[in-house]
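The file query25.txt comes next; it holds compact mmCIF, C-alpha atoms and all ligand atoms.
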# COMPACT_ATOMS: atom_id res chain seq x y z
CA MET I 1 36.97 -13.40 -29.00
CA ASN I 2 40.24 -15.21 -29.49
CA VAL I 3 40.04 -17.60 -26.59
CA LYS I 4 39.27 -21.09 -27.80
CA ALA I 5 38.62 -24.32 -25.93
CA PRO I 6 41.88 -26.22 -25.29
CA ARG I 7 42.96 -28.63 -28.02
CA GLY I 8 41.41 -32.04 -27.71
CA THR I 9 38.41 -30.87 -25.68
CA ASN I 10 34.77 -30.53 -26.66
CA ASP I 11 31.79 -28.50 -25.59
CA ILE I 12 28.83 -30.78 -25.07
CA LEU I 13 25.89 -28.51 -25.86
CA PRO I 14 22.18 -29.07 -26.54
CA PRO I 15 20.87 -31.14 -28.23
CA LEU I 16 23.96 -33.35 -27.76
CA SER I 17 24.00 -32.79 -24.00
CA LEU I 18 20.42 -34.09 -23.82
CA GLN I 19 21.52 -37.26 -25.61
CA TRP I 20 24.41 -37.65 -23.15
CA GLN I 21 22.01 -37.19 -20.25
CA TYR I 22 19.76 -39.86 -21.70
CA VAL I 23 22.63 -42.33 -22.17
CA GLU I 24 23.75 -41.62 -18.60
CA LYS I 25 20.23 -42.00 -17.21
CA VAL I 26 19.76 -45.41 -18.85
CA TYR I 27 23.09 -46.34 -17.28
CA ARG I 28 22.17 -45.13 -13.79
CA ASP I 29 18.75 -46.79 -13.92
CA LEU I 30 20.23 -50.15 -14.95
CA MET I 31 22.95 -49.88 -12.30
CA ALA I 32 20.29 -49.44 -9.64
CA VAL I 33 18.58 -52.65 -10.81
CA TYR I 34 21.86 -54.58 -10.55
CA ASN I 35 22.46 -53.01 -7.11
CA TYR I 36 25.54 -50.98 -8.16
CA HIS I 37 26.00 -47.53 -6.65
CA GLU I 38 27.93 -44.51 -7.77
CA ALA I 39 31.45 -43.70 -6.59
CA ARG I 40 32.56 -40.12 -7.24
CA THR I 41 36.28 -39.77 -6.74
CA PRO I 42 38.42 -36.65 -7.24
CA ILE I 43 39.27 -35.53 -10.77
CA PHE I 44 42.94 -35.38 -9.69
CA GLU I 45 45.02 -37.65 -7.49
CA TYR I 46 48.63 -37.81 -6.35
CA THR I 47 50.66 -38.89 -9.37
CA GLU I 48 52.02 -41.91 -7.56
CA LEU I 49 48.59 -43.56 -7.56
CA PHE I 50 48.53 -43.80 -11.34
CA GLN I 51 52.21 -44.69 -11.63
CA ARG I 52 51.55 -47.71 -9.44
CA GLY I 53 47.96 -48.35 -10.41
CA ILE I 54 48.37 -48.23 -14.18
CA GLY I 55 52.00 -49.27 -14.36
CA ASP I 56 54.82 -46.83 -14.92
CA THR I 57 55.98 -48.58 -18.09
CA THR I 58 52.69 -48.04 -19.92
CA ASP I 59 52.20 -45.38 -22.59
CA VAL I 60 49.51 -43.78 -20.49
CA VAL I 61 51.88 -43.17 -17.60
CA GLU I 62 55.03 -42.55 -19.62
CA LYS I 63 53.65 -40.14 -22.19
CA GLU I 64 50.03 -39.22 -21.72
CA MET I 65 49.40 -38.04 -18.19
CA TYR I 66 48.33 -34.52 -17.31
CA THR I 67 50.77 -34.12 -14.47
CA PHE I 68 51.70 -30.90 -12.71
CA THR I 69 53.13 -29.67 -9.45
CA ASP I 70 50.61 -27.88 -7.26
CA LYS I 71 51.36 -24.83 -5.10
CA GLY I 72 52.29 -27.09 -2.22
CA GLY I 73 55.00 -28.72 -4.35
CA ARG I 74 53.19 -32.05 -4.71
CA SER I 75 52.92 -33.85 -8.01
CA VAL I 76 49.27 -34.33 -8.95
CA THR I 77 47.69 -35.81 -12.07
CA LEU I 78 44.31 -35.44 -13.72
CA ARG I 79 42.87 -38.93 -13.68
CA PRO I 80 43.56 -40.81 -16.94
CA GLU I 81 41.13 -43.62 -16.09
CA GLY I 82 38.72 -44.61 -13.33
CA THR I 83 39.88 -47.83 -11.73
CA ALA I 84 42.95 -46.74 -9.73
CA SER I 85 41.02 -43.96 -7.94
CA ILE I 86 38.17 -46.26 -7.01
CA VAL I 87 40.51 -48.93 -5.66
CA ARG I 88 42.22 -46.19 -3.66
CA ALA I 89 38.88 -44.98 -2.29
CA PHE I 90 37.87 -48.55 -1.41
CA MET I 91 41.09 -49.14 0.53
CA GLU I 92 41.30 -45.71 2.13
CA ASN I 93 37.73 -45.93 3.44
CA LYS I 94 38.32 -49.50 4.62
CA LEU I 95 35.28 -50.76 2.75
CA TYR I 96 36.79 -54.26 2.83
CA GLY I 97 35.52 -54.35 6.41
CA GLN I 98 31.91 -54.00 5.24
CA SER I 99 29.56 -56.47 3.67
CA LEU I 100 31.12 -57.72 0.45
CA PRO I 101 31.10 -57.55 -2.49
CA VAL I 102 31.02 -53.77 -2.90
CA LYS I 103 29.61 -52.82 -6.30
CA PHE I 104 30.42 -49.39 -7.72
CA TYR I 105 29.79 -47.57 -10.94
CA TYR I 106 31.18 -44.27 -12.18
CA ILE I 107 30.62 -41.74 -14.93
CA GLY I 108 32.93 -38.87 -15.65
CA PRO I 109 35.70 -37.07 -17.52
CA MET I 110 39.21 -38.53 -17.85
CA PHE I 111 42.32 -36.81 -19.17
CA ARG I 112 45.17 -37.91 -21.40
CA TYR I 113 47.69 -35.75 -23.16
CA GLU I 114 47.40 -37.46 -26.54
CA ARG I 115 47.85 -36.09 -30.00
CA PRO I 116 44.25 -35.19 -30.84
CA GLN I 117 42.98 -37.33 -33.72
CA ALA I 118 39.74 -38.83 -34.89
CA GLY I 119 37.86 -40.11 -31.87
CA ARG I 120 40.63 -39.31 -29.38
CA PHE I 121 40.39 -36.38 -27.03
CA ARG I 122 42.43 -34.96 -24.20
CA GLN I 123 39.32 -34.70 -22.09
CA PHE I 124 37.16 -37.73 -22.75
CA HIS I 125 34.47 -39.47 -20.74
CA GLN I 126 34.06 -42.94 -19.39
CA LEU I 127 31.34 -45.07 -17.86
CA GLY I 128 32.50 -48.01 -15.81
CA VAL I 129 31.89 -50.45 -12.98
CA GLU I 130 34.17 -51.95 -10.32
CA VAL I 131 33.26 -54.80 -7.99
CA PHE I 132 35.46 -55.60 -4.99
CA GLY I 133 35.79 -58.35 -2.47
CA SER I 134 34.93 -61.58 -4.28
CA ASN I 135 36.63 -63.88 -6.74
CA ASP I 136 33.31 -65.57 -7.60
CA PRO I 137 33.19 -66.30 -11.35
CA ALA I 138 29.49 -65.40 -11.18
CA LEU I 139 30.60 -61.79 -10.71
CA ASP I 140 32.78 -61.92 -13.84
CA ALA I 141 29.68 -63.12 -15.68
CA GLU I 142 27.48 -60.49 -14.00
CA VAL I 143 29.78 -57.65 -15.02
CA ILE I 144 29.85 -58.93 -18.62
CA ILE I 145 26.08 -59.34 -18.74
CA LEU I 146 25.53 -55.93 -17.18
CA GLY I 147 27.65 -54.31 -19.89
CA ILE I 148 25.87 -56.07 -22.72
CA ASN I 149 22.47 -55.52 -21.13
CA TYR I 150 23.23 -51.80 -21.06
CA LEU I 151 24.32 -51.61 -24.69
CA ASN I 152 21.20 -53.57 -25.71
CA LYS I 153 19.00 -51.15 -23.75
CA LEU I 154 20.43 -48.29 -25.79
CA GLY I 155 19.35 -50.14 -28.94
CA LEU I 156 22.70 -51.61 -30.04
CA LYS I 157 22.47 -54.94 -31.83
CA ASN I 158 25.45 -56.18 -33.92
CA LEU I 159 27.44 -56.76 -30.72
CA GLN I 160 29.98 -59.52 -30.27
CA LEU I 161 31.44 -60.59 -26.96
CA TYR I 162 35.05 -61.83 -26.84
CA ILE I 163 36.41 -63.45 -23.70
CA ASN I 164 39.73 -64.85 -22.57
CA SER I 165 41.55 -65.82 -19.41
CA ILE I 166 45.06 -64.61 -18.69
CA GLY I 167 45.43 -66.66 -15.51
CA CYS I 168 47.22 -65.64 -12.35
CA PRO I 169 50.88 -64.98 -11.47
CA GLU I 170 51.17 -68.69 -10.73
CA CYS I 171 50.22 -69.85 -14.26
CA ARG I 172 52.35 -67.14 -15.77
CA LYS I 173 55.59 -68.52 -14.33
CA GLU I 174 55.47 -71.49 -16.69
CA TYR I 175 53.91 -69.45 -19.47
CA PHE I 176 56.59 -66.74 -19.36
CA ARG I 177 59.31 -69.38 -19.60
CA VAL I 178 57.73 -70.82 -22.76
CA PHE I 179 56.94 -67.39 -24.17
CA ARG I 180 60.49 -66.09 -23.68
CA THR I 181 61.95 -69.18 -25.31
CA TYR I 182 59.62 -68.66 -28.26
CA LEU I 183 60.67 -65.00 -28.56
CA GLU I 184 64.40 -65.77 -28.57
CA ASP I 185 64.22 -66.17 -32.35
CA TYR I 186 62.47 -62.82 -32.73
CA HIS I 187 64.56 -60.69 -30.40
CA ASP I 188 65.99 -58.50 -33.15
CA VAL I 189 62.70 -57.71 -34.86
CA LEU I 190 61.03 -56.56 -31.64
CA CYS I 191 60.79 -52.80 -31.11
CA LYS I 192 63.04 -51.23 -28.47
CA ASP I 193 60.19 -51.01 -25.96
CA CYS I 194 59.38 -54.68 -26.37
CA GLN I 195 63.01 -55.74 -26.02
CA GLY I 196 62.87 -54.11 -22.62
CA ARG I 197 59.49 -55.72 -21.86
CA LEU I 198 60.90 -59.19 -22.50
CA GLU I 199 62.37 -59.22 -19.00
CA ARG I 200 60.02 -57.06 -16.98
CA ASN I 201 56.66 -57.47 -18.58
CA PRO I 202 56.58 -59.96 -21.47
CA MET I 203 52.80 -60.07 -21.84
CA ARG I 204 52.75 -56.46 -22.90
CA ILE I 205 54.51 -57.50 -26.12
CA LEU I 206 51.21 -59.13 -27.12
CA ASP I 207 49.64 -55.68 -26.81
CA CYS I 208 52.28 -53.80 -28.85
CA LYS I 209 50.95 -51.82 -31.77
CA GLU I 210 54.24 -52.03 -33.75
CA GLU I 211 53.72 -54.18 -36.83
CA SER I 212 56.98 -56.12 -36.46
CA CYS I 213 56.04 -57.02 -32.88
CA SER I 214 52.49 -58.11 -33.64
CA LYS I 215 53.91 -60.23 -36.49
CA ALA I 216 56.47 -61.78 -34.16
CA VAL I 217 53.88 -62.84 -31.61
CA LYS I 218 51.31 -64.03 -34.12
CA GLU I 219 52.13 -67.70 -33.59
CA ALA I 220 53.32 -67.30 -30.01
CA PRO I 221 52.00 -69.58 -27.26
CA ARG I 222 49.01 -68.15 -25.43
CA VAL I 223 48.57 -68.00 -21.67
CA LEU I 224 45.14 -69.62 -22.06
CA ASP I 225 46.91 -72.92 -22.74
CA TYR I 226 48.98 -72.65 -19.54
CA LEU I 227 46.30 -71.99 -16.92
CA CYS I 228 46.74 -73.59 -13.51
CA ASP I 229 43.89 -75.77 -12.24
CA ASP I 230 42.23 -72.99 -10.25
CA CYS I 231 42.34 -70.56 -13.14
CA ARG I 232 41.04 -73.13 -15.62
CA GLU I 233 38.19 -73.92 -13.24
CA HIS I 234 37.41 -70.22 -12.82
CA PHE I 235 37.23 -69.69 -16.58
CA GLU I 236 35.02 -72.77 -17.05
CA GLU I 237 32.62 -71.44 -14.43
CA VAL I 238 32.40 -68.04 -16.11
CA LYS I 239 31.54 -69.81 -19.35
CA VAL I 240 28.86 -71.91 -17.65
CA TYR I 241 27.16 -68.77 -16.31
CA LEU I 242 27.25 -67.17 -19.76
CA ASN I 243 26.05 -70.38 -21.45
CA ASN I 244 23.15 -70.69 -19.06
CA LEU I 245 21.90 -67.31 -20.23
CA GLY I 246 22.35 -68.29 -23.86
CA LEU I 247 24.90 -65.52 -24.28
CA ASP I 248 27.00 -65.87 -27.40
CA TYR I 249 30.76 -65.36 -27.11
CA ILE I 250 34.00 -66.04 -28.90
CA ILE I 251 37.07 -67.15 -26.98
CA ASP I 252 39.86 -64.91 -28.20
CA PRO I 253 43.28 -65.78 -26.74
CA ASN I 254 44.63 -62.53 -28.22
CA ILE I 255 42.81 -60.34 -25.72
CA VAL I 256 45.34 -59.58 -23.00
CA ARG I 257 46.01 -56.99 -20.37
CA GLY I 258 49.72 -56.59 -20.16
CA LEU I 259 50.06 -55.83 -16.47
CA ASP I 260 50.63 -58.28 -13.67
CA TYR I 261 47.70 -57.33 -11.50
CA TYR I 262 45.19 -58.31 -14.17
CA THR I 263 44.09 -61.88 -13.58
CA ASN I 264 41.76 -64.46 -15.05
CA THR I 265 38.87 -63.14 -17.11
CA VAL I 266 39.36 -60.43 -19.71
CA PHE I 267 36.69 -59.43 -22.19
CA GLU I 268 35.77 -57.01 -24.93
CA VAL I 269 32.47 -56.18 -26.56
CA LYS I 270 32.83 -55.14 -30.19
CA TYR I 271 30.40 -53.50 -32.52
CA ALA I 272 30.48 -54.56 -36.16
CA GLY I 273 30.74 -51.50 -38.36
CA LEU I 274 33.06 -49.31 -36.34
CA GLY I 275 36.16 -50.19 -38.36
CA ALA I 276 39.48 -50.80 -36.66
CA GLN I 277 38.42 -49.13 -33.40
CA ASP I 278 35.48 -51.46 -32.87
CA THR I 279 35.72 -52.15 -29.13
CA VAL I 280 32.86 -50.43 -27.33
CA LEU I 281 33.44 -51.90 -23.87
CA ALA I 282 36.36 -53.71 -22.26
CA GLY I 283 37.07 -55.12 -18.85
CA GLY I 284 38.32 -57.92 -16.71
CA ARG I 285 39.55 -59.08 -13.36
CA TYR I 286 42.34 -57.39 -11.45
CA ASN I 287 42.83 -59.43 -8.31
CA GLY I 288 46.33 -58.04 -7.84
CA LEU I 289 45.64 -54.32 -8.09
CA ALA I 290 44.73 -53.45 -4.51
CA GLU I 291 47.92 -55.10 -3.29
CA GLU I 292 49.93 -53.33 -6.00
CA LEU I 293 48.64 -50.05 -4.55
CA GLY I 294 49.96 -51.02 -1.16
CA GLY I 295 46.75 -52.36 0.35
CA LYS I 296 45.43 -55.76 1.29
CA ALA I 297 44.83 -58.33 -1.43
CA VAL I 298 41.26 -57.68 -2.54
CA PRO I 299 39.88 -59.27 -5.70
CA GLY I 300 38.22 -56.94 -8.18
CA VAL I 301 36.48 -57.07 -11.54
CA GLY I 302 35.10 -54.32 -13.77
CA PHE I 303 34.71 -52.76 -17.15
CA ALA I 304 34.95 -49.33 -18.76
CA MET I 305 33.65 -47.81 -21.94
CA GLY I 306 34.30 -44.52 -23.65
CA MET I 307 31.33 -42.19 -23.92
CA GLU I 308 32.51 -40.59 -27.16
CA ARG I 309 32.86 -43.90 -28.95
CA LEU I 310 29.55 -45.07 -27.51
CA MET I 311 27.81 -42.02 -28.96
CA LEU I 312 29.46 -42.70 -32.32
CA THR I 313 28.22 -46.29 -32.18
CA LEU I 314 24.68 -45.17 -31.39
CA GLU I 315 24.85 -42.86 -34.39
CA LYS I 316 26.01 -45.74 -36.62
CA GLU I 317 23.13 -47.87 -35.35
CA SER I 318 20.70 -44.96 -35.89
CA ALA I 319 19.56 -45.55 -32.32
CA GLU I 320 16.76 -43.32 -31.15
CA LEU I 321 18.02 -40.54 -28.90
CA PRO I 322 15.96 -37.75 -27.41
CA GLY I 323 16.32 -34.17 -28.61
CA GLU I 324 15.11 -31.01 -26.94
CA PRO I 325 11.60 -31.68 -25.62
CA ASP I 326 8.68 -29.80 -27.12
CA LEU I 327 7.16 -26.93 -25.17
CA ASP I 328 3.80 -27.62 -23.61
CA LEU I 329 2.87 -23.99 -23.73
CA PHE I 330 4.04 -20.58 -24.86
CA ILE I 331 2.33 -17.47 -23.50
CA VAL I 332 2.24 -14.73 -26.11
CA THR I 333 1.95 -11.30 -24.54
CA ILE I 334 0.92 -7.90 -25.83
CA GLY I 335 1.84 -5.05 -23.50
CA ASP I 336 3.71 -4.77 -20.25
CA LYS I 337 0.80 -5.64 -17.93
CA ALA I 338 0.15 -8.79 -19.94
CA LYS I 339 3.82 -9.73 -19.63
CA LYS I 340 3.72 -9.29 -15.85
CA ALA I 341 0.62 -11.47 -15.62
CA ALA I 342 2.13 -14.09 -17.95
CA PHE I 343 5.27 -14.26 -15.84
CA LYS I 344 3.12 -15.26 -12.89
CA TYR I 345 1.19 -17.83 -14.90
CA ILE I 346 4.24 -19.60 -16.29
CA TYR I 347 5.65 -19.78 -12.78
CA GLN I 348 2.49 -21.63 -11.74
CA LEU I 349 2.50 -23.83 -14.85
CA ARG I 350 6.17 -24.73 -14.41
CA ASN I 351 5.44 -25.61 -10.80
CA LYS I 352 2.99 -28.16 -12.11
CA GLY I 353 5.64 -29.55 -14.45
CA TYR I 354 4.53 -28.01 -17.74
CA ILE I 355 7.37 -26.95 -19.99
CA SER I 356 6.42 -23.36 -20.62
CA GLU I 357 7.97 -20.21 -21.98
CA ILE I 358 7.30 -16.51 -22.56
CA ASP I 359 8.94 -13.89 -24.72
CA TYR I 360 12.02 -12.06 -23.41
CA MET I 361 12.94 -10.30 -26.65
CA GLU I 362 10.12 -7.74 -26.99
CA ARG I 363 8.98 -9.55 -30.11
CA SER I 364 5.83 -8.64 -32.03
CA VAL I 365 2.88 -10.99 -31.70
CA LYS I 366 3.71 -12.50 -35.06
CA SER I 367 7.34 -13.17 -34.06
CA GLN I 368 6.22 -14.59 -30.73
CA MET I 369 3.96 -17.04 -32.55
CA LYS I 370 6.90 -17.97 -34.78
CA ALA I 371 9.13 -18.47 -31.75
CA ALA I 372 6.46 -20.70 -30.19
CA ASP I 373 6.36 -22.69 -33.43
CA ARG I 374 10.13 -23.07 -33.49
CA MET I 375 10.01 -24.55 -29.99
CA ASN I 376 7.21 -26.88 -31.12
CA ALA I 377 4.84 -25.46 -28.53
CA LYS I 378 1.77 -27.64 -28.31
CA TYR I 379 -0.34 -24.73 -27.08
CA THR I 380 -0.16 -20.97 -26.93
CA VAL I 381 -2.04 -18.58 -24.73
CA ILE I 382 -2.47 -15.05 -25.98
CA LEU I 383 -2.65 -12.38 -23.29
CA VAL I 384 -3.63 -8.92 -24.51
CA GLU I 385 -3.12 -6.01 -22.14
CA ASP I 386 -6.24 -4.13 -23.26
CA GLU I 387 -8.38 -7.19 -22.66
CA LEU I 388 -7.05 -8.19 -19.25
CA CYS I 389 -9.94 -6.23 -17.65
CA LYS I 390 -12.42 -8.54 -19.42
CA GLY I 391 -10.85 -11.43 -17.54
CA LYS I 392 -10.36 -13.51 -20.69
CA ALA I 393 -7.48 -14.96 -22.73
CA ILE I 394 -7.23 -17.11 -25.86
CA LEU I 395 -5.85 -20.66 -25.70
CA LYS I 396 -4.76 -22.02 -29.07
CA ASN I 397 -4.05 -25.64 -29.93
CA MET I 398 -1.05 -25.35 -32.25
CA GLN I 399 -1.57 -28.81 -33.73
CA ASN I 400 -5.09 -28.33 -35.07
CA GLY I 401 -5.49 -24.56 -34.89
CA GLU I 402 -8.45 -24.79 -32.51
CA GLN I 403 -8.98 -21.69 -30.34
CA MET I 404 -11.04 -21.08 -27.24
CA GLU I 405 -11.61 -18.46 -24.61
CA ILE I 406 -10.44 -19.21 -21.10
CA SER I 407 -10.90 -17.14 -17.97
CA LEU I 408 -7.97 -15.46 -16.26
CA ASP I 409 -9.31 -16.22 -12.80
CA ASN I 410 -8.45 -19.87 -13.01
CA LEU I 411 -6.30 -19.82 -16.11
CA VAL I 412 -3.84 -22.46 -14.96
CA GLU I 413 -6.63 -24.93 -14.07
CA GLU I 414 -8.44 -24.36 -17.35
CA ILE I 415 -5.25 -24.82 -19.33
CA GLU I 416 -4.48 -27.96 -17.39
CA GLU I 417 -7.97 -29.30 -18.02
CA TYR I 418 -7.56 -28.78 -21.75
CA ILE I 419 -3.97 -30.00 -22.08
CA LYS I 420 -4.84 -33.28 -20.36
ZN ZN P 501 46.49 -69.50 -12.24
ZN ZN P 502 56.85 -53.67 -29.64
Produce structure tokens that represent the structure in this file.
Amino acid sequence: MNVKAPRGTNDILPPLSLQWQYVEKVYRDLMAVYNYHEARTPIFEYTELFQRGIGDTTDVVEKEMYTFTDKGGRSVTLRPEGTASIVRAFMENKLYGQSLPVKFYYIGPMFRYERPQAGRFRQFHQLGVEVFGSNDPALDAEVIILGINYLNKLGLKNLQLYINSIGCPECRKEYFRVFRTYLEDYHDVLCKDCQGRLERNPMRILDCKEESCSKAVKEAPRVLDYLCDDCREHFEEVKVYLNNLGLDYIIDPNIVRGLDYYTNTVFEVKYAGLGAQDTVLAGGRYNGLAEELGGKAVPGVGFAMGMERLMLTLEKESAELPGEPDLDLFIVTIGDKAKKAAFKYIYQLRNKGYISEIDYMERSVKSQMKAADRMNAKYTVILVEDELCKGKAILKNMQNGEQMEISLDNLVEEIEEYIK
């Protein structure tokens, strides 16, 4: 067959899919404890949502979106991230009229048309949370703690939390003035993109990956030093909540989100030992996003993490992840009548929750025993057609080799009695 999976996509097959399920289950279980509930939004949205919600001058929107025109002539885009869709759903369903805050989580595939390279895929997966309706600094702290709590539950140690505040549009007025003055001397060394950003979106220069730009802003003033009273107070409160839990953090004024609707707290959780791409989880406040999307002003805070990088981190940490579970029981059959009987028995055993299997490959007894071994069956039952009339079968304990006769009449009960 010549058809291959599209470039930049992966098949998640067993045993890997079982590890993903585990990582997702730990996530869902913890979310329930923190009273967050799942939001499932469409995989595609009208393109405009992402242009406005992510910012049409970002690389994601300019170069990386999976955008196409559908048969109705509308431009739609496979979602490149989770936040914009969830804000849209919150506004569209008028959830601001309900009891606030609303606390969502999501898990799912995202799409970006990137050049596939190590750790970057065109279909990748994210886990995230979004909280709407409150500017309480306790929620910033809750979202941070929730993220770290989750990573700890998966067995990750070596984590470091970095936090910063990027203020509000009010603090940025003064900051931008100072920042632009500082950059006057560096105008010519900035990349073309950043020269354009100087007017529209100066904070994004701090994010630029071009070496000459990151050099130019190395000594630049930081917004953290220009916070208005409200924003300084907000950041202090977040720190108090974190301090009260004894949570270690580093204040890193270099963490920024370059778009206007991000406000106040931003944070990253890094894992030592991942190299340059060491951020496992990142998030922050976006009090201006709902309004940017044409809705009411609704404060929001959240985080997102990439599943693929998370799995890589768990591998680095040698965290314990489940594989395919062992079989409780394999019924070895000799002859067609035995097979028919066995099919009925495994149905009953499976109904009781025992992981059980029979042979579908017309294997010899010896090969069936081997197959049972390969699946780490704890027990086998041997059903022989010629002996069905005697009403007996053999149950074998595969761990110690012990064998015993059990009666066919209440085979399932006898097996259950023994397995317990
Ligand atoms: Zn402010
Ligand atoms: Zn640049």
Find the residues of chain I that sit at most 10 Å from ligand ZN 502 (chain P); for each, write down the nearest two atoms and how far apart they are in Å, to one decimal. Count only C-alpha atoms and all ligand atoms. Sort by chain, then by number going up, and give it as JSON lines.
{"residue": "I:Val189", "atom": "CA", "partner": "P:ZN502", "partner_atom": "ZN", "distance": 8.8}
{"residue": "I:Leu190", "atom": "CA", "partner": "P:ZN502", "partner_atom": "ZN", "distance": 5.5}
{"residue": "I:Cys191", "atom": "CA", "partner": "P:ZN502", "partner_atom": "ZN", "distance": 4.3}
{"residue": "I:Lys192", "atom": "CA", "partner": "P:ZN502", "partner_atom": "ZN", "distance": 6.8}
{"residue": "I:Asp193", "atom": "CA", "partner": "P:ZN502", "partner_atom": "ZN", "distance": 5.6}
{"residue": "I:Cys194", "atom": "CA", "partner": "P:ZN502", "partner_atom": "ZN", "distance": 4.3}
{"residue": "I:Gln195", "atom": "CA", "partner": "P:ZN502", "partner_atom": "ZN", "distance": 7.4}
{"residue": "I:Gly196", "atom": "CA", "partner": "P:ZN502", "partner_atom": "ZN", "distance": 9.3}
{"residue": "I:Arg197", "atom": "CA", "partner": "P:ZN502", "partner_atom": "ZN", "distance": 8.5}
{"residue": "I:Leu198", "atom": "CA", "partner": "P:ZN502", "partner_atom": "ZN", "distance": 9.9}
{"residue": "I:Arg204", "atom": "CA", "partner": "P:ZN502", "partner_atom": "ZN", "distance": 8.4}
{"residue": "I:Ile205", "atom": "CA", "partner": "P:ZN502", "partner_atom": "ZN", "distance": 5.7}
{"residue": "I:Leu206", "atom": "CA", "partner": "P:ZN502", "partner_atom": "ZN", "distance": 8.2}
{"residue": "I:Asp207", "atom": "CA", "partner": "P:ZN502", "partner_atom": "ZN", "distance": 8.0}
{"residue": "I:Cys208", "atom": "CA", "partner": "P:ZN502", "partner_atom": "ZN", "distance": 4.6}
{"residue": "I:Lys209", "atom": "CA", "partner": "P:ZN502", "partner_atom": "ZN", "distance": 6.5}
{"residue": "I:Glu210", "atom": "CA", "partner": "P:ZN502", "partner_atom": "ZN", "distance": 5.1}
{"residue": "I:Glu211", "atom": "CA", "partner": "P:ZN502", "partner_atom": "ZN", "distance": 7.9}
{"residue": "I:Ser212", "atom": "CA", "partner": "P:ZN502", "partner_atom": "ZN", "distance": 7.2}
{"residue": "I:Cys213", "atom": "CA", "partner": "P:ZN502", "partner_atom": "ZN", "distance": 4.7}
{"residue": "I:Ser214", "atom": "CA", "partner": "P:ZN502", "partner_atom": "ZN", "distance": 7.4}
{"residue": "I:Lys215", "atom": "CA", "partner": "P:ZN502", "partner_atom": "ZN", "distance": 9.9}
{"residue": "I:Ala216", "atom": "CA", "partner": "P:ZN502", "partner_atom": "ZN", "distance": 9.3}
{"residue": "I:Val217", "atom": "CA", "partner": "P:ZN502", "partner_atom": "ZN", "distance": 9.8}
Just the residues within 6 Å of range 403-407 of chain I, please, counting all atoms listed in the file, with nothing from its chain fewer than 5 positions along; format it as a ChimeraX atom specification.
/I:391-396
Output of the above residues as a PDB file, in the frame of the given file, restricted to C-alpha atoms:
ATOM      1  CA  GLY I 391     -10.850 -11.430 -17.540  1.00  0.00           C
ATOM      2  CA  LYS I 392     -10.360 -13.510 -20.690  1.00  0.00           C
ATOM      3  CA  ALA I 393      -7.480 -14.960 -22.730  1.00  0.00           C
ATOM      4  CA  ILE I 394      -7.230 -17.110 -25.860  1.00  0.00           C
ATOM      5  CA  LEU I 395      -5.850 -20.660 -25.700  1.00  0.00           C
ATOM      6  CA  LYS I 396      -4.760 -22.020 -29.070  1.00  0.00           C
TER       7      LYS I 396
END
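The residues sitting within 9 Å of ligand ZN 501 (chain P), with all atoms listed in the file considered, come out as I:Ile166, I:Gly167, I:Cys168, I:Pro169, I:Glu170, I:Cys171, I:Arg172, I:Tyr226, I:Leu227, I:Cys228, I:Asp229, I:Asp230, I:Cys231, I:Arg232, I:Thr263, I:Asn264.
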Keeping only C-alpha atoms, write the selected residues to a file as a PDB file, in the frame of the given file.
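In the end it all went to again-v9.pdb:
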ATOM      1  CA  ILE I 166      45.060 -64.610 -18.690  1.00  0.00           C
ATOM      2  CA  GLY I 167      45.430 -66.660 -15.510  1.00  0.00           C
ATOM      3  CA  CYS I 168      47.220 -65.640 -12.350  1.00  0.00           C
ATOM      4  CA  PRO I 169      50.880 -64.980 -11.470  1.00  0.00           C
ATOM      5  CA  GLU I 170      51.170 -68.690 -10.730  1.00  0.00           C
ATOM      6  CA  CYS I 171      50.220 -69.850 -14.260  1.00  0.00           C
ATOM      7  CA  ARG I 172      52.350 -67.140 -15.770  1.00  0.00           C
ATOM      8  CA  TYR I 226      48.980 -72.650 -19.540  1.00  0.00           C
ATOM      9  CA  LEU I 227      46.300 -71.990 -16.920  1.00  0.00           C
ATOM     10  CA  CYS I 228      46.740 -73.590 -13.510  1.00  0.00           C
ATOM     11  CA  ASP I 229      43.890 -75.770 -12.240  1.00  0.00           C
ATOM     12  CA  ASP I 230      42.230 -72.990 -10.250  1.00  0.00           C
ATOM     13  CA  CYS I 231      42.340 -70.560 -13.140  1.00  0.00           C
ATOM     14  CA  ARG I 232      41.040 -73.130 -15.620  1.00  0.00           C
ATOM     15  CA  THR I 263      44.090 -61.880 -13.580  1.00  0.00           C
ATOM     16  CA  ASN I 264      41.760 -64.460 -15.050  1.00  0.00           C
TER      17      ASN I 264
END
All residues 12 Å or closer to Cys389 in chain I, all atoms listed in the file, same chain fewer than 2 positions away omitted, as a ChimeraX atom specification
/I:337-338,341,383-387,391-393,407-409
If you count all atoms listed in the file, the residue of I:Tyr379, I:Phe104, I:Phe330, I:Tyr66 closest to Thr83 in chain I turns out to be I:Phe104
Any idea what the distance is between CA of Glu219 in chain I and CA of Leu259 in chain I?
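The value is 20.9 Å.
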Hey, which of I:Ile255, I:Ala282, I:Leu274, I:Leu151 ends up closest to Glu24 in chain I? Count only C-alpha atoms.
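Checking each of I:Ile255, I:Ala282, I:Leu274, I:Leu151 against Glu24 in chain I, counting only C-alpha atoms, the winner is I:Leu151.
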In Å, with one decimal, what is the gap from CA of Leu183 in chain I to CA of Ala220 in chain I?
7.8 Å
Can you tell me, as a ChimeraX atom specification, what residues are no more than 12 Å from Ile419 in chain I when counting only C-alpha atoms, ignoring any on the same chain fewer than 6 positions away?
/I:327-329,349,354-355,377-381,395-399,412-413
